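Colleague: Contents of input-v8.pdb (PDB, C-alpha atoms) are given next:
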ATOM      1  CA  MET A   1       2.479  -1.280 -12.401  1.00  0.00           C
ATOM      2  CA  SER A   2       2.232  -0.482 -16.080  1.00  0.00           C
ATOM      3  CA  GLY A   3       3.336  -2.592 -18.996  1.00  0.00           C
ATOM      4  CA  HIS A   4       6.100  -0.476 -20.482  1.00  0.00           C
ATOM      5  CA  SER A   5       9.778  -0.984 -19.750  1.00  0.00           C
ATOM      6  CA  LYS A   6       9.671  -2.501 -16.258  1.00  0.00           C
ATOM      7  CA  TRP A   7      12.820  -0.822 -14.988  1.00  0.00           C
ATOM      8  CA  ALA A   8      11.805   2.533 -16.453  1.00  0.00           C
ATOM      9  CA  THR A   9       8.486   2.184 -14.643  1.00  0.00           C
ATOM     10  CA  ILE A  10      10.224   1.609 -11.319  1.00  0.00           C
ATOM     11  CA  LYS A  11      12.554   4.599 -11.766  1.00  0.00           C
ATOM     12  CA  HIS A  12       9.753   6.849 -13.066  1.00  0.00           C
ATOM     13  CA  LYS A  13       7.546   6.024 -10.087  1.00  0.00           C
ATOM     14  CA  LYS A  14      10.390   6.323  -7.614  1.00  0.00           C
ATOM     15  CA  GLY A  15      11.071   9.888  -8.745  1.00  0.00           C
ATOM     16  CA  LYS A  16       7.435  10.797  -8.242  1.00  0.00           C
ATOM     17  CA  THR A  17       7.357   9.144  -4.829  1.00  0.00           C
ATOM     18  CA  ASP A  18      10.552  10.786  -3.573  1.00  0.00           C
ATOM     19  CA  SER A  19       9.116  14.215  -4.345  1.00  0.00           C
ATOM     20  CA  ALA A  20       6.010  13.511  -2.250  1.00  0.00           C
ATOM     21  CA  ARG A  21       7.238  11.686   0.853  1.00  0.00           C
ATOM     22  CA  GLY A  22       4.399  13.012   3.015  1.00  0.00           C
ATOM     23  CA  LYS A  23       1.802  11.580   0.630  1.00  0.00           C
ATOM     24  CA  LEU A  24       3.694   8.287   0.535  1.00  0.00           C
ATOM     25  CA  PHE A  25       3.654   8.057   4.333  1.00  0.00           C
ATOM     26  CA  SER A  26      -0.091   8.747   4.361  1.00  0.00           C
ATOM     27  CA  LYS A  27      -0.706   5.894   1.904  1.00  0.00           C
ATOM     28  CA  LEU A  28       1.557   3.537   3.849  1.00  0.00           C
ATOM     29  CA  ILE A  29      -0.280   4.312   7.086  1.00  0.00           C
ATOM     30  CA  ARG A  30      -3.545   3.279   5.436  1.00  0.00           C
ATOM     31  CA  GLU A  31      -1.940   0.074   4.150  1.00  0.00           C
ATOM     32  CA  LEU A  32      -0.555  -0.765   7.593  1.00  0.00           C
ATOM     33  CA  THR A  33      -3.889  -0.100   9.253  1.00  0.00           C
ATOM     34  CA  ILE A  34      -5.990  -2.255   6.937  1.00  0.00           C
ATOM     35  CA  ALA A  35      -3.412  -5.066   6.790  1.00  0.00           C
ATOM     36  CA  ALA A  36      -3.377  -5.223  10.585  1.00  0.00           C
ATOM     37  CA  ARG A  37      -7.175  -5.037  10.750  1.00  0.00           C
ATOM     38  CA  GLN A  38      -7.600  -7.926   8.313  1.00  0.00           C
ATOM     39  CA  GLY A  39      -4.818 -10.233   9.502  1.00  0.00           C
ATOM     40  CA  GLY A  40      -3.731  -9.097  12.955  1.00  0.00           C
ATOM     41  CA  GLY A  41      -0.756  -7.109  14.200  1.00  0.00           C
ATOM     42  CA  ASP A  42       1.846  -9.920  14.277  1.00  0.00           C
ATOM     43  CA  ILE A  43       4.062  -9.554  11.202  1.00  0.00           C
ATOM     44  CA  ASP A  44       5.277 -13.151  11.552  1.00  0.00           C
ATOM     45  CA  ALA A  45       1.696 -14.415  11.202  1.00  0.00           C
ATOM     46  CA  ASN A  46       0.490 -11.800   8.699  1.00  0.00           C
ATOM     47  CA  PRO A  47       2.423 -11.905   5.372  1.00  0.00           C
ATOM     48  CA  ARG A  48       0.575  -8.890   3.973  1.00  0.00           C
ATOM     49  CA  LEU A  49       1.477  -6.800   7.011  1.00  0.00           C
ATOM     50  CA  ARG A  50       5.105  -7.904   6.820  1.00  0.00           C
ATOM     51  CA  THR A  51       5.293  -6.757   3.186  1.00  0.00           C
ATOM     52  CA  VAL A  52       3.831  -3.347   4.074  1.00  0.00           C
ATOM     53  CA  VAL A  53       6.138  -2.951   7.078  1.00  0.00           C
ATOM     54  CA  ASP A  54       9.130  -3.764   4.864  1.00  0.00           C
ATOM     55  CA  GLY A  55       7.953  -1.115   2.395  1.00  0.00           C
ATOM     56  CA  ALA A  56       7.519   1.441   5.176  1.00  0.00           C
ATOM     57  CA  ARG A  57      11.026   0.748   6.437  1.00  0.00           C
ATOM     58  CA  ASP A  58      12.414   1.065   2.905  1.00  0.00           C
ATOM     59  CA  ALA A  59      10.721   4.493   2.746  1.00  0.00           C
ATOM     60  CA  ASN A  60      12.400   5.446   6.049  1.00  0.00           C
ATOM     61  CA  MET A  61       9.118   5.800   7.912  1.00  0.00           C
ATOM     62  CA  PRO A  62       9.775   6.214  11.669  1.00  0.00           C
ATOM     63  CA  MET A  63       9.084   3.039  13.647  1.00  0.00           C
ATOM     64  CA  ASP A  64       6.742   4.944  15.967  1.00  0.00           C
ATOM     65  CA  ASN A  65       4.517   5.766  12.977  1.00  0.00           C
ATOM     66  CA  ILE A  66       4.510   2.141  11.857  1.00  0.00           C
ATOM     67  CA  GLU A  67       3.595   0.803  15.283  1.00  0.00           C
ATOM     68  CA  ARG A  68       0.873   3.413  15.782  1.00  0.00           C
ATOM     69  CA  ALA A  69      -0.737   2.563  12.427  1.00  0.00           C
ATOM     70  CA  ILE A  70      -0.706  -1.157  13.286  1.00  0.00           C
ATOM     71  CA  LYS A  71      -2.338  -0.492  16.660  1.00  0.00           C
ATOM     72  CA  LYS A  72      -5.073   1.526  14.960  1.00  0.00           C
ATOM     73  CA  GLY A  73      -5.708  -1.431  12.688  1.00  0.00           C
ATOM     74  CA  THR A  74      -5.931  -3.921  15.570  1.00  0.00           C
ATOM     75  CA  GLY A  75      -8.156  -1.595  17.590  1.00  0.00           C
ATOM     76  CA  GLU A  76      -5.593  -0.874  20.328  1.00  0.00           C
ATOM     77  CA  LEU A  77      -5.781   2.794  19.312  1.00  0.00           C
ATOM     78  CA  GLU A  78      -8.750   4.695  17.929  1.00  0.00           C
ATOM     79  CA  GLY A  79      -8.561   5.444  14.217  1.00  0.00           C
ATOM     80  CA  VAL A  80     -10.432   5.949  10.958  1.00  0.00           C
ATOM     81  CA  ILE A  81     -12.021   2.840   9.392  1.00  0.00           C
ATOM     82  CA  PHE A  82     -10.899   2.425   5.782  1.00  0.00           C
ATOM     83  CA  GLU A  83     -12.642   0.305   3.169  1.00  0.00           C
ATOM     84  CA  GLU A  84     -10.640  -1.404   0.425  1.00  0.00           C
ATOM     85  CA  THR A  85     -12.146  -1.453  -3.058  1.00  0.00           C
ATOM     86  CA  MET A  86     -11.099  -1.709  -6.710  1.00  0.00           C
ATOM     87  CA  TYR A  87     -12.193   0.436  -9.658  1.00  0.00           C
ATOM     88  CA  GLU A  88     -11.821  -0.648 -13.281  1.00  0.00           C
ATOM     89  CA  GLY A  89     -12.034   1.124 -16.603  1.00  0.00           C
ATOM     90  CA  TYR A  90     -10.322   2.149 -19.822  1.00  0.00           C
ATOM     91  CA  GLY A  91      -7.966   4.959 -20.752  1.00  0.00           C
ATOM     92  CA  PRO A  92      -6.788   6.485 -24.046  1.00  0.00           C
ATOM     93  CA  GLY A  93      -5.676   3.948 -26.647  1.00  0.00           C
ATOM     94  CA  GLY A  94      -7.906   1.257 -25.144  1.00  0.00           C
ATOM     95  CA  VAL A  95      -5.649   0.779 -22.126  1.00  0.00           C
ATOM     96  CA  ALA A  96      -7.216  -1.289 -19.331  1.00  0.00           C
ATOM     97  CA  ILE A  97      -6.840   0.301 -15.894  1.00  0.00           C
ATOM     98  CA  MET A  98      -7.422  -0.941 -12.361  1.00  0.00           C
ATOM     99  CA  ILE A  99      -7.257   1.352  -9.321  1.00  0.00           C
ATOM    100  CA  ARG A 100      -6.982   0.010  -5.773  1.00  0.00           C
ATOM    101  CA  VAL A 101      -8.175   2.433  -3.095  1.00  0.00           C
ATOM    102  CA  LEU A 102      -8.524   2.626   0.667  1.00  0.00           C
ATOM    103  CA  THR A 103     -11.244   5.103   1.557  1.00  0.00           C
ATOM    104  CA  ASP A 104     -13.326   6.238   4.513  1.00  0.00           C
ATOM    105  CA  ASN A 105     -16.089   7.471   2.164  1.00  0.00           C
ATOM    106  CA  LYS A 106     -16.756   5.199  -0.811  1.00  0.00           C
ATOM    107  CA  ASN A 107     -19.447   7.426  -2.365  1.00  0.00           C
ATOM    108  CA  ARG A 108     -17.091  10.405  -2.458  1.00  0.00           C
ATOM    109  CA  THR A 109     -14.202   8.378  -3.839  1.00  0.00           C
ATOM    110  CA  THR A 110     -16.333   6.747  -6.545  1.00  0.00           C
ATOM    111  CA  SER A 111     -17.479  10.165  -7.748  1.00  0.00           C
ATOM    112  CA  GLU A 112     -13.910  11.492  -7.822  1.00  0.00           C
ATOM    113  CA  ILE A 113     -12.494   8.455  -9.628  1.00  0.00           C
ATOM    114  CA  ARG A 114     -15.249   8.694 -12.239  1.00  0.00           C
ATOM    115  CA  HIS A 115     -14.475  12.398 -12.706  1.00  0.00           C
ATOM    116  CA  ILE A 116     -10.765  11.693 -13.325  1.00  0.00           C
ATOM    117  CA  PHE A 117     -11.608   9.031 -15.904  1.00  0.00           C
ATOM    118  CA  ASP A 118     -13.962  11.412 -17.730  1.00  0.00           C
ATOM    119  CA  LYS A 119     -11.652  14.441 -17.565  1.00  0.00           C
ATOM    120  CA  TYR A 120      -8.574  12.677 -18.916  1.00  0.00           C
ATOM    121  CA  GLY A 121     -10.075  10.691 -21.787  1.00  0.00           C
ATOM    122  CA  GLY A 122     -11.040   7.471 -20.071  1.00  0.00           C
ATOM    123  CA  SER A 123     -14.211   5.733 -18.920  1.00  0.00           C
ATOM    124  CA  ILE A 124     -15.038   3.870 -15.726  1.00  0.00           C
ATOM    125  CA  GLY A 125     -16.200   0.285 -16.166  1.00  0.00           C
ATOM    126  CA  ALA A 126     -18.101  -2.385 -14.267  1.00  0.00           C
ATOM    127  CA  ALA A 127     -16.522  -4.720 -11.729  1.00  0.00           C
ATOM    128  CA  ASN A 128     -14.409  -7.445 -13.394  1.00  0.00           C
ATOM    129  CA  SER A 129     -14.496  -5.679 -16.764  1.00  0.00           C
ATOM    130  CA  VAL A 130     -10.685  -5.633 -17.005  1.00  0.00           C
ATOM    131  CA  ALA A 131      -9.462  -7.619 -13.983  1.00  0.00           C
ATOM    132  CA  TRP A 132      -8.946 -10.726 -16.149  1.00  0.00           C
ATOM    133  CA  GLN A 133      -6.124  -8.916 -17.948  1.00  0.00           C
ATOM    134  CA  PHE A 134      -3.947  -8.716 -14.817  1.00  0.00           C
ATOM    135  CA  GLN A 135      -2.200 -11.306 -12.677  1.00  0.00           C
ATOM    136  CA  PRO A 136      -1.119 -10.733  -9.033  1.00  0.00           C
ATOM    137  CA  LYS A 137       2.668 -10.760  -8.743  1.00  0.00           C
ATOM    138  CA  GLY A 138       5.440  -9.617  -6.459  1.00  0.00           C
ATOM    139  CA  VAL A 139       7.873  -7.355  -8.327  1.00  0.00           C
ATOM    140  CA  ILE A 140      11.390  -6.431  -7.185  1.00  0.00           C
ATOM    141  CA  GLY A 141      13.574  -3.853  -8.954  1.00  0.00           C
ATOM    142  CA  ILE A 142      17.355  -4.041  -8.500  1.00  0.00           C
ATOM    143  CA  ALA A 143      19.872  -1.562  -9.942  1.00  0.00           C
ATOM    144  CA  ARG A 144      22.609  -2.962 -12.182  1.00  0.00           C
ATOM    145  CA  ASP A 145      25.345  -1.656  -9.880  1.00  0.00           C
ATOM    146  CA  LYS A 146      24.057  -3.757  -6.954  1.00  0.00           C
ATOM    147  CA  ALA A 147      24.911  -7.155  -8.457  1.00  0.00           C
ATOM    148  CA  ASP A 148      25.870  -8.874 -11.696  1.00  0.00           C
ATOM    149  CA  GLU A 149      23.268 -10.610 -13.843  1.00  0.00           C
ATOM    150  CA  ASP A 150      24.381 -14.163 -13.056  1.00  0.00           C
ATOM    151  CA  THR A 151      24.117 -13.528  -9.314  1.00  0.00           C
ATOM    152  CA  VAL A 152      20.651 -11.978  -9.583  1.00  0.00           C
ATOM    153  CA  LEU A 153      19.423 -14.858 -11.747  1.00  0.00           C
ATOM    154  CA  ALA A 154      20.858 -17.495  -9.417  1.00  0.00           C
ATOM    155  CA  VAL A 155      19.442 -15.940  -6.239  1.00  0.00           C
ATOM    156  CA  ALA A 156      16.033 -15.250  -7.779  1.00  0.00           C
ATOM    157  CA  LEU A 157      15.452 -18.637  -9.371  1.00  0.00           C
ATOM    158  CA  GLU A 158      16.782 -20.600  -6.391  1.00  0.00           C
ATOM    159  CA  ALA A 159      14.367 -18.699  -4.133  1.00  0.00           C
ATOM    160  CA  GLY A 160      11.403 -19.510  -6.384  1.00  0.00           C
ATOM    161  CA  ALA A 161      11.019 -16.413  -8.579  1.00  0.00           C
ATOM    162  CA  ASP A 162       9.096 -16.742 -11.831  1.00  0.00           C
ATOM    163  CA  ASP A 163      11.216 -14.512 -14.056  1.00  0.00           C
ATOM    164  CA  VAL A 164      14.084 -12.022 -14.231  1.00  0.00           C
ATOM    165  CA  VAL A 165      14.172  -9.312 -16.912  1.00  0.00           C
ATOM    166  CA  THR A 166      17.501  -7.552 -17.496  1.00  0.00           C
ATOM    167  CA  GLU A 167      17.551  -4.002 -18.853  1.00  0.00           C
ATOM    168  CA  GLU A 168      20.308  -1.434 -19.255  1.00  0.00           C
ATOM    169  CA  ALA A 169      19.761   0.166 -15.840  1.00  0.00           C
ATOM    170  CA  GLY A 170      18.521  -2.743 -13.766  1.00  0.00           C
ATOM    171  CA  TYR A 171      16.834  -6.081 -13.193  1.00  0.00           C
ATOM    172  CA  THR A 172      13.134  -6.752 -12.626  1.00  0.00           C
ATOM    173  CA  VAL A 173      12.355  -9.898 -10.668  1.00  0.00           C
ATOM    174  CA  THR A 174       8.798 -11.238 -10.611  1.00  0.00           C
ATOM    175  CA  ALA A 175       7.433 -13.858  -8.244  1.00  0.00           C
ATOM    176  CA  ALA A 176       4.111 -15.445  -7.357  1.00  0.00           C
ATOM    177  CA  PRO A 177       2.481 -13.910  -4.265  1.00  0.00           C
ATOM    178  CA  ASP A 178       3.278 -16.938  -2.093  1.00  0.00           C
ATOM    179  CA  SER A 179       6.973 -16.824  -3.126  1.00  0.00           C
ATOM    180  CA  PHE A 180       7.465 -13.069  -2.890  1.00  0.00           C
ATOM    181  CA  GLY A 181       8.611 -13.028   0.746  1.00  0.00           C
ATOM    182  CA  ALA A 182      11.135 -15.828   0.209  1.00  0.00           C
ATOM    183  CA  VAL A 183      12.606 -14.096  -2.852  1.00  0.00           C
ATOM    184  CA  LYS A 184      12.990 -10.802  -0.972  1.00  0.00           C
ATOM    185  CA  ASN A 185      14.629 -12.576   1.956  1.00  0.00           C
ATOM    186  CA  ALA A 186      17.047 -14.356  -0.389  1.00  0.00           C
ATOM    187  CA  PHE A 187      18.292 -11.040  -1.794  1.00  0.00           C
ATOM    188  CA  LYS A 188      18.477  -9.555   1.704  1.00  0.00           C
ATOM    189  CA  GLU A 189      20.588 -12.481   2.926  1.00  0.00           C
ATOM    190  CA  LYS A 190      22.975 -11.980  -0.004  1.00  0.00           C
ATOM    191  CA  GLY A 191      23.276  -8.272   0.813  1.00  0.00           C
ATOM    192  CA  ILE A 192      21.687  -7.204  -2.487  1.00  0.00           C
ATOM    193  CA  ALA A 193      19.610  -4.060  -1.964  1.00  0.00           C
ATOM    194  CA  TRP A 194      16.550  -3.350  -4.106  1.00  0.00           C
ATOM    195  CA  GLU A 195      15.122  -0.083  -5.417  1.00  0.00           C
ATOM    196  CA  SER A 196      11.525  -1.249  -5.197  1.00  0.00           C
ATOM    197  CA  ALA A 197       9.640  -4.289  -3.899  1.00  0.00           C
ATOM    198  CA  GLU A 198       5.860  -4.487  -3.997  1.00  0.00           C
ATOM    199  CA  MET A 199       2.875  -6.703  -4.529  1.00  0.00           C
ATOM    200  CA  THR A 200       1.236  -5.576  -7.733  1.00  0.00           C
ATOM    201  CA  ARG A 201      -0.780  -6.812 -10.715  1.00  0.00           C
ATOM    202  CA  VAL A 202       1.107  -7.466 -13.941  1.00  0.00           C
ATOM    203  CA  ALA A 203      -0.590  -6.974 -17.308  1.00  0.00           C
ATOM    204  CA  GLN A 204      -0.759 -10.128 -19.438  1.00  0.00           C
ATOM    205  CA  ASN A 205      -1.155  -8.492 -22.876  1.00  0.00           C
ATOM    206  CA  PRO A 206       0.123  -4.888 -22.875  1.00  0.00           C
ATOM    207  CA  VAL A 207      -1.202  -2.437 -25.481  1.00  0.00           C
ATOM    208  CA  THR A 208       1.543  -0.673 -27.459  1.00  0.00           C
ATOM    209  CA  LEU A 209       0.834   3.062 -27.407  1.00  0.00           C
ATOM    210  CA  SER A 210       1.677   5.879 -29.788  1.00  0.00           C
ATOM    211  CA  GLU A 211       3.694   8.739 -28.292  1.00  0.00           C
ATOM    212  CA  ARG A 212       0.563  10.898 -28.185  1.00  0.00           C
ATOM    213  CA  ASP A 213      -1.483   8.257 -26.359  1.00  0.00           C
ATOM    214  CA  SER A 214       1.505   7.553 -24.104  1.00  0.00           C
ATOM    215  CA  GLU A 215       1.429  11.139 -22.837  1.00  0.00           C
ATOM    216  CA  LYS A 216      -2.336  10.964 -22.278  1.00  0.00           C
ATOM    217  CA  VAL A 217      -2.180   7.666 -20.397  1.00  0.00           C
ATOM    218  CA  LEU A 218       0.724   8.793 -18.221  1.00  0.00           C
ATOM    219  CA  ARG A 219      -1.208  11.964 -17.358  1.00  0.00           C
ATOM    220  CA  LEU A 220      -4.295   9.924 -16.444  1.00  0.00           C
ATOM    221  CA  VAL A 221      -2.306   7.466 -14.333  1.00  0.00           C
ATOM    222  CA  GLU A 222      -0.537  10.337 -12.584  1.00  0.00           C
ATOM    223  CA  GLN A 223      -3.869  11.924 -11.662  1.00  0.00           C
ATOM    224  CA  PHE A 224      -5.005   8.669 -10.090  1.00  0.00           C
ATOM    225  CA  GLU A 225      -1.723   8.260  -8.207  1.00  0.00           C
ATOM    226  CA  GLU A 226      -2.015  11.798  -6.833  1.00  0.00           C
ATOM    227  CA  HIS A 227      -5.439  11.035  -5.327  1.00  0.00           C
ATOM    228  CA  ASP A 228      -5.194  10.618  -1.557  1.00  0.00           C
ATOM    229  CA  ASP A 229      -7.343   7.460  -1.493  1.00  0.00           C
ATOM    230  CA  VAL A 230      -5.542   5.656  -4.323  1.00  0.00           C
ATOM    231  CA  GLN A 231      -2.961   3.105  -3.224  1.00  0.00           C
ATOM    232  CA  GLN A 232      -2.006   1.471  -6.542  1.00  0.00           C
ATOM    233  CA  VAL A 233      -2.747   1.890 -10.239  1.00  0.00           C
ATOM    234  CA  PHE A 234      -2.388  -0.980 -12.726  1.00  0.00           C
ATOM    235  CA  ALA A 235      -2.519  -0.419 -16.491  1.00  0.00           C
ATOM    236  CA  ASN A 236      -1.789  -2.715 -19.438  1.00  0.00           C
ATOM    237  CA  TYR A 237       0.212  -0.451 -21.739  1.00  0.00           C
ATOM    238  CA  TYR A 238       3.666  -0.697 -23.301  1.00  0.00           C
ATOM    239  CA  ILE A 239       5.894   2.344 -23.820  1.00  0.00           C
ATOM    240  CA  PRO A 240       9.481   1.865 -25.062  1.00  0.00           C
ATOM    241  CA  GLU A 241      12.097   3.144 -22.633  1.00  0.00           C
ATOM    242  CA  GLU A 242      13.347   5.779 -25.102  1.00  0.00           C
ATOM    243  CA  THR A 243       9.839   7.204 -25.533  1.00  0.00           C
ATOM    244  CA  LEU A 244       9.347   7.358 -21.775  1.00  0.00           C
ATOM    245  CA  ALA A 245      12.725   9.106 -21.452  1.00  0.00           C
ATOM    246  CA  ARG A 246      11.654  11.788 -23.970  1.00  0.00           C
ATOM    247  CA  ILE A 247       8.375  12.358 -22.162  1.00  0.00           C
ATOM    248  CA  SER A 248      10.114  12.564 -18.784  1.00  0.00           C
ATOM    249  CA  LYS A 249      12.612  15.111 -20.163  1.00  0.00           C
ATOM    250  CA  GLU A 250       9.780  17.297 -21.439  1.00  0.00           C
ATOM    251  CA  GLU A 251       8.163  17.217 -17.982  1.00  0.00           C
TER     252      GLU A 251
END
Starting from the file, give its structure as structure tokens.
Modeller:
Amino acid sequence: MSGHSKWATIKHKKGKTDSARGKLFSKLIRELTIAARQGGGDIDANPRLRTVVDGARDANMPMDNIERAIKKGTGELEGVIFEETMYEGYGPGGVAIMIRVLTDNKNRTTSEIRHIFDKYGGSIGAANSVAWQFQPKGVIGIARDKADEDTVLAVALEAGADDVVTEEAGYTVTAAPDSFGAVKNAFKEKGIAWESAEMTRVAQNPVTLSERDSEKVLRLVEQFEEHDDVQQVFANYYIPEETLARISKEE
């Protein structure tokens, strides 16, 4: 999750994801497998798994695929063993970047992540070199036509959310990790559908980028997101919504 206009980020990413559903399913299968391996296959006793299952359902993944991935994670079915790791570094304009991956070959993935950093104007860093700039949060994006602002604010804050940001096209609700599930359930109970709901890391002090650096950073982030082993990319930049709109139009 980047630091520019939160709603624009959600819509920008959603467009990319919708055009690559097969890649999305592959990433979700890895998430399901490792969540089940680490916390068991019972979604009622494994909050991380429940969040991933909810995301898989939102993406219209067939239930058979979800159940099979969970069974691979618990060892009921044979499957590839994935290792979860985080890479950190800097991009153009001094932007701090964190990349969360699930890989079956860490040496290969490390080499490829380093190559992407070098090729697109960034540099890989040591562990914990930028992690302090990000805070774990649950983030929910809701379109403006799904509910009015007062309703979103009331539901979010009553359920324990930290903040609600209103923009022209939608609302961005943020919550602490231990409140994320309750906030999602509160919107579900009220019949308010969301565009996006994920556990992410929110930048504390975003770097404001020039239009030139904005294009470079977006290109770098896109290359990471296209990598099969990369699950999430976090970067602490700010791009105004109008600048992002111009860049998206040119694409």
Colleague: Do you know which residues are at most 8 Å from Val95 (chain A) counting only C-alpha atoms, after dropping those on the same chain fewer than 4 positions away, and could you put them as a list in words?
Modeller: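 So the residues in contact are Tyr90, Gly91, Val207, Val217, Ala235, Asn236 and Tyr237 of chain A.
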Colleague: Quick one: apply the PyMOL selection byres ((chain A and resi 156) around 9) to the file and drop the selected residues here as a PyMOL selection string.
Modeller: chain A and resi 151-155+157-164+173-175+183-184+186-187
Colleague: Using the selection just defined, write its residues with C-alpha atoms as a PDB file, in the frame of the given file.
Modeller:
ATOM      1  CA  THR A 151      24.117 -13.528  -9.314  1.00  0.00           C
ATOM      2  CA  VAL A 152      20.651 -11.978  -9.583  1.00  0.00           C
ATOM      3  CA  LEU A 153      19.423 -14.858 -11.747  1.00  0.00           C
ATOM      4  CA  ALA A 154      20.858 -17.495  -9.417  1.00  0.00           C
ATOM      5  CA  VAL A 155      19.442 -15.940  -6.239  1.00  0.00           C
ATOM      6  CA  LEU A 157      15.452 -18.637  -9.371  1.00  0.00           C
ATOM      7  CA  GLU A 158      16.782 -20.600  -6.391  1.00  0.00           C
ATOM      8  CA  ALA A 159      14.367 -18.699  -4.133  1.00  0.00           C
ATOM      9  CA  GLY A 160      11.403 -19.510  -6.384  1.00  0.00           C
ATOM     10  CA  ALA A 161      11.019 -16.413  -8.579  1.00  0.00           C
ATOM     11  CA  ASP A 162       9.096 -16.742 -11.831  1.00  0.00           C
ATOM     12  CA  ASP A 163      11.216 -14.512 -14.056  1.00  0.00           C
ATOM     13  CA  VAL A 164      14.084 -12.022 -14.231  1.00  0.00           C
ATOM     14  CA  VAL A 173      12.355  -9.898 -10.668  1.00  0.00           C
ATOM     15  CA  THR A 174       8.798 -11.238 -10.611  1.00  0.00           C
ATOM     16  CA  ALA A 175       7.433 -13.858  -8.244  1.00  0.00           C
ATOM     17  CA  VAL A 183      12.606 -14.096  -2.852  1.00  0.00           C
ATOM     18  CA  LYS A 184      12.990 -10.802  -0.972  1.00  0.00           C
ATOM     19  CA  ALA A 186      17.047 -14.356  -0.389  1.00  0.00           C
ATOM     20  CA  PHE A 187      18.292 -11.040  -1.794  1.00  0.00           C
TER      21      PHE A 187
END
Colleague: Under the rule that only C-alpha atoms are counted, which of A:Tyr238, A:Ser111, A:Arg37, A:Gln231 is the nearest residue to Leu77 (chain A)?
Modeller: A:Arg37
Colleague: Using the chain letters and numbers from this file, what does the PyMOL selection byres ((chain A and resi 140) around 9) select? Give the answer as a list in words.
Modeller: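 Applying the expression gives Gly138, Val139, Gly141, Ile142, Tyr171, Thr172, Val173, Thr174, Ala175, Phe180, Val183, Lys184, Trp194, Glu195, Ser196, Ala197, Glu198 and Met199 of chain A.
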Colleague: Could you list, as a compact mmCIF listing (two decimals) with C-alpha atoms, in the coordinates of the input, every residue within 10 Å of Lys119 (chain A), counting all atoms listed in the file and ignoring same-chain residues fewer than 5 positions away?
Modeller:
# COMPACT_ATOMS: atom_id res chain seq x y z
CA ILE A 113 -12.49 8.46 -9.63
CA ARG A 114 -15.25 8.69 -12.24
CA LEU A 220 -4.30 9.92 -16.44
Colleague: Write out as a VMD selection string each polymer residue whose atoms come within 8 Å of region 47-54 of chain A, counting all atoms listed in the file; drop sequence neighbours fewer than 4 positions from it.
Modeller: chain A and resid 28 31 to 32 35 to 36 39 41 to 43 58 66 181 198
Colleague: In Å to one decimal, how far is CA of Val202 (chain A) from CA of Ser129 (chain A)?
Modeller: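 Distance between the two atoms: 16.0 Å.
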Colleague: Report, in Å with one decimal, the straight-line distance from CA of Pro92 (chain A) to CA of Glu167 (chain A).
Modeller: 27.0 Å
Colleague: With all atoms listed in the file as the atoms that count, which of A:Asp228, A:Asp213, A:Asp118, A:Glu189 lies nearest to Leu102 (chain A)?
Modeller: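 For Leu102 (chain A), the nearest of the candidates is A:Asp228.
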Colleague: Using the atoms already present, construct N, CA and C atoms for region 54-65 of chain A and hand them back as a PDB file, in the coordinates of the input.
Modeller:
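Resulting contents of rebuild.pdb:
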ATOM      1  N   ASP A  54       7.860  -3.829   5.595  1.00  0.00           N
ATOM      2  CA  ASP A  54       9.130  -3.764   4.864  1.00  0.00           C
ATOM      3  C   ASP A  54       9.154  -2.537   3.945  1.00  0.00           C
ATOM      4  N   GLY A  55       8.024  -2.278   3.269  1.00  0.00           N
ATOM      5  CA  GLY A  55       7.953  -1.115   2.395  1.00  0.00           C
ATOM      6  C   GLY A  55       8.063   0.191   3.166  1.00  0.00           C
ATOM      7  N   ALA A  56       7.449   0.240   4.346  1.00  0.00           N
ATOM      8  CA  ALA A  56       7.519   1.441   5.176  1.00  0.00           C
ATOM      9  C   ALA A  56       8.948   1.682   5.662  1.00  0.00           C
ATOM     10  N   ARG A  57       9.620   0.608   6.014  1.00  0.00           N
ATOM     11  CA  ARG A  57      11.026   0.748   6.437  1.00  0.00           C
ATOM     12  C   ARG A  57      11.902   1.202   5.273  1.00  0.00           C
ATOM     13  N   ASP A  58      11.655   0.646   4.086  1.00  0.00           N
ATOM     14  CA  ASP A  58      12.414   1.065   2.905  1.00  0.00           C
ATOM     15  C   ASP A  58      12.217   2.550   2.631  1.00  0.00           C
ATOM     16  N   ALA A  59      11.025   3.076   2.968  1.00  0.00           N
ATOM     17  CA  ALA A  59      10.721   4.493   2.746  1.00  0.00           C
ATOM     18  C   ALA A  59      11.185   5.359   3.906  1.00  0.00           C
ATOM     19  N   ASN A  60      11.881   4.732   4.879  1.00  0.00           N
ATOM     20  CA  ASN A  60      12.400   5.446   6.049  1.00  0.00           C
ATOM     21  C   ASN A  60      11.306   6.048   6.928  1.00  0.00           C
ATOM     22  N   MET A  61      10.165   5.368   6.995  1.00  0.00           N
ATOM     23  CA  MET A  61       9.118   5.800   7.912  1.00  0.00           C
ATOM     24  C   MET A  61       9.559   5.497   9.346  1.00  0.00           C
ATOM     25  N   PRO A  62       9.402   6.450  10.270  1.00  0.00           N
ATOM     26  CA  PRO A  62       9.775   6.214  11.669  1.00  0.00           C
ATOM     27  C   PRO A  62       9.012   5.024  12.250  1.00  0.00           C
ATOM     28  N   MET A  63       9.697   4.238  13.070  1.00  0.00           N
ATOM     29  CA  MET A  63       9.084   3.039  13.647  1.00  0.00           C
ATOM     30  C   MET A  63       7.874   3.378  14.496  1.00  0.00           C
ATOM     31  N   ASP A  64       7.891   4.528  15.168  1.00  0.00           N
ATOM     32  CA  ASP A  64       6.742   4.944  15.967  1.00  0.00           C
ATOM     33  C   ASP A  64       5.488   5.068  15.099  1.00  0.00           C
ATOM     34  N   ASN A  65       5.649   5.622  13.898  1.00  0.00           N
ATOM     35  CA  ASN A  65       4.517   5.766  12.977  1.00  0.00           C
ATOM     36  C   ASN A  65       3.988   4.403  12.552  1.00  0.00           C
TER      37      ASN A  65
END
